[in-house]
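Trainee: Input: one structure, supplied below.
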Amino acid sequence: MWDLQGNAIAQPLRGHQGDVTSVALSPDGNIIASGSWDKTIRLWDLQGNAIAQPFQGHQERVNSIVFSPNGEIIASGGGDGTIRLWDLQGNAIAQPFRGHEGYVNSVIFSRDGQIILSGGSDGTIRLWNLQGNAIAQPFEIPKSEVTTVAFSPDGKTIASGSLNGMMHLWRGGGWQSWLQVCGERLRHHPALKNPQTDLENLALAVARKHIWNPLATEWNRRGIAKLAEEAFEIALENFDRALQINPRHAGALYNRARTYVNLGDAAKAIQDFDRLIETVPTHATAYLYRGQCYTELSDRAKAIEDCQQAAALYQQQGQDANYEKAIAYLHQLQR
């Protein structure tokens with residue numbers, strides 16, 4: 001132990017028969033926990049005296065240990081691929097948590113102590129309740145080992161670090177956010193990709209309304225902010241994310257098309273305007289902007305047709321200013 005000036009406090013704590021891989025202080029600052037390659041966890045007071053007997057249970061090295069926020073539980077992750085919970089006397093709480101297909105390199109509690117987050121050599125990040133049940137599907141880091149994980153103080157963001165030198169941030173924390181995470185992953189479930197029964201169709205409708213649409217709307221909102229900053233490439237990434245979640249999100253289709261217009265890619269803009277008009281046939285502005293894109297591609301006939309349709313829709317919808325704008329552009333095309 002050291003003070004903040006680097007001076008040693010007390011004698012070194014000795015007892016492990018292998019490398020010490022992880023240490024943690026209890027929330028009250030009175031107990032030190034340590035984990036080691038000797039497969040044990042040990043508790044110490046601040047004078048370096050051992051408290052209780054070594055905790056034994058891991059079949060391989062202990063890679064990570066952490067106290068719960070109330071200081072009553074210790075969680076450990078090991079080279080045997082398990083996560084284990086212990087009381088301060090070294091008694092196992094519940095069965096080992098199994099799911100990682102490799103070493104568990106990092107474990108951490110959520111701020112309320114109800115969720116355990118783990119990262120492993122299998123490239124996954126996993127969430128667990130205190131009974132060892134998995135929460136949601138694993139988050140995957142392709143082709144890399146997860147070495148460390150952390151919750152933000154408000155519990156709404158997860159950070160991870162990997163052997164590939166990269167960090168990732170994941171949105172989550174509250175039950176609504178985790179529901180979004182679970183629902184986003186459900187998009188690929190066969191029953192929701194191709195529903196066959198009334199129950200599957202009901203599940204699809206609920207997922208669209210309460211999970212996918214709000215999540216897609218959030219990515220669209222972020223994209224709009226980047227579009228306003230003229231950060232077009234980042235805006236495209238956000239609109240792409242929105243449309244991966246909900247391919248029929250009208251706002252994201254419209255805004256991605258606008259982004260392509262700003263980037264000078266009229267052909268891609270037309271593709272998105274096509275999809276938008278299929279989704280919202282009365283979207284007058286989509287017709288007007290698509291007509292302008294056709295003008296850029298020297299397709300005057302299609303440009304005139306779209307402008308006529310835009311003008312008609314604006315007139316039907318009582319949008320007088322936009323109607324006049326469409327008529328003025330149409331007159332330019334017809335000269």
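To be explicit about the labels: the chains of the structure tokens are called A, B, and onward in the order shown, and within each one the residues are counted from 1, while ligands get numbers from 1 in the order they are shown.
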Please provide the set of residues having any atom within 12 Å of Tyr329 (chain A), restricted to only C-alpha atoms, with same-chain residues fewer than 3 positions apart removed, written as a PDB file with C-alpha atoms, in the first residue's frame.

Mentor:
```pdb
ATOM      1  CA  LEU A 288     -39.838  17.838 -54.894  1.00  0.00           C
ATOM      2  CA  TYR A 289     -36.337  16.913 -53.752  1.00  0.00           C
ATOM      3  CA  GLY A 291     -37.228  15.929 -58.833  1.00  0.00           C
ATOM      4  CA  GLN A 292     -34.261  18.164 -58.084  1.00  0.00           C
ATOM      5  CA  THR A 295     -32.416  17.436 -62.615  1.00  0.00           C
ATOM      6  CA  ALA A 303     -37.898  15.908 -62.722  1.00  0.00           C
ATOM      7  CA  ILE A 304     -40.985  17.583 -64.208  1.00  0.00           C
ATOM      8  CA  GLU A 305     -43.205  14.638 -63.252  1.00  0.00           C
ATOM      9  CA  ASP A 306     -42.019  14.734 -59.621  1.00  0.00           C
ATOM     10  CA  CYS A 307     -42.411  18.508 -59.349  1.00  0.00           C
ATOM     11  CA  GLN A 308     -45.953  18.287 -60.698  1.00  0.00           C
ATOM     12  CA  ALA A 310     -45.196  17.682 -55.328  1.00  0.00           C
ATOM     13  CA  ALA A 311     -47.208  20.760 -56.335  1.00  0.00           C
ATOM     14  CA  ASN A 322     -44.489  25.175 -50.590  1.00  0.00           C
ATOM     15  CA  TYR A 323     -46.992  24.952 -53.459  1.00  0.00           C
ATOM     16  CA  GLU A 324     -45.705  28.253 -54.849  1.00  0.00           C
ATOM     17  CA  LYS A 325     -42.131  27.026 -54.444  1.00  0.00           C
ATOM     18  CA  ALA A 326     -42.875  23.837 -56.394  1.00  0.00           C
ATOM     19  CA  GLN A 332     -37.873  26.753 -64.510  1.00  0.00           C
ATOM     20  CA  LEU A 333     -37.828  23.173 -65.752  1.00  0.00           C
ATOM     21  CA  GLN A 334     -40.391  23.818 -68.481  1.00  0.00           C
ATOM     22  CA  ARG A 335     -38.578  26.760 -70.061  1.00  0.00           C
TER      23      ARG A 335
END
```

Trainee: Select from region 70-180 of chain A everything DSSP, run on the backbone, classes as helix (DSSP H, G or I), then give the selection as JSON, numbers by chain.

Mentor: {"A": [175, 176, 177, 178, 179, 180]}

Trainee: Which residues, written as an mmCIF file with C-alpha atoms, in the first residue's frame, have at least one atom at most 7 Å from region 240-252 of chain A, with only C-alpha atoms counted and residues fewer than 3 positions away on the same chain left out?

Mentor:
```
data_model
loop_
_atom_site.group_PDB
_atom_site.id
_atom_site.type_symbol
_atom_site.label_atom_id
_atom_site.label_comp_id
_atom_site.auth_asym_id
_atom_site.auth_seq_id
_atom_site.Cartn_x
_atom_site.Cartn_y
_atom_site.Cartn_z
ATOM 1 C CA GLU A 184 -32.669 -4.625 -30.991
ATOM 2 C CA TRP A 212 -37.438 -0.267 -32.456
ATOM 3 C CA ASN A 213 -39.183 2.983 -33.363
ATOM 4 C CA ALA A 216 -34.401 4.400 -34.477
ATOM 5 C CA THR A 217 -35.777 7.845 -33.656
ATOM 6 C CA TRP A 219 -30.312 7.578 -33.941
ATOM 7 C CA ASN A 220 -32.197 9.816 -36.372
ATOM 8 C CA LEU A 236 -24.770 9.058 -42.450
ATOM 9 C CA GLU A 237 -23.554 6.564 -39.850
ATOM 10 C CA ASN A 255 -32.615 12.877 -43.649
ATOM 11 C CA ARG A 256 -30.226 10.356 -45.150
ATOM 12 C CA LEU A 276 -39.635 7.139 -48.493
ATOM 13 C CA THR A 279 -43.599 4.320 -47.151
#
```

Trainee: Determine, counting only C-alpha atoms, which protein, DNA and RNA residues have an atom within 6 Å of an atom of Leu117 (chain A); residues of the same chain fewer than 3 positions away are not included. Present the result as a PDB file with C-alpha atoms, in the first residue's frame.

Mentor:
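Final output, saved to around-v7.pdb:
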```
ATOM      1  CA  VAL A 107     -16.152  -8.152 -13.324  1.00  0.00           C
ATOM      2  CA  ILE A 108     -17.938  -5.108 -11.902  1.00  0.00           C
ATOM      3  CA  ARG A 126     -22.284 -10.221 -20.350  1.00  0.00           C
ATOM      4  CA  LEU A 127     -24.839  -9.002 -17.830  1.00  0.00           C
TER       5      LEU A 127
END
```

Trainee: Would you work out the distance separating CA of Asp154 (chain A) from CA of Val62 (chain A), expressed in Å to one decimal?

Mentor: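 Computed distance, CA of Asp154 (chain A) to CA of Val62 (chain A), equals 28.1 Å.
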
Trainee: Taking only C-alpha atoms into account, which of A:Leu169, A:Ile270, A:Leu13, A:Ile51 comes nearest Lys302 (chain A)?

Mentor: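 Distance minimum relative to Lys302 (chain A) lands on A:Ile270.
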
Trainee: To test your reading of the structure, identify every residue in region 147-276 of chain A that backbone DSSP assigns to strand (DSSP E), and report it as a VMD selection string.

Mentor: chain A and resid 147 to 151 157 to 162 167 to 171
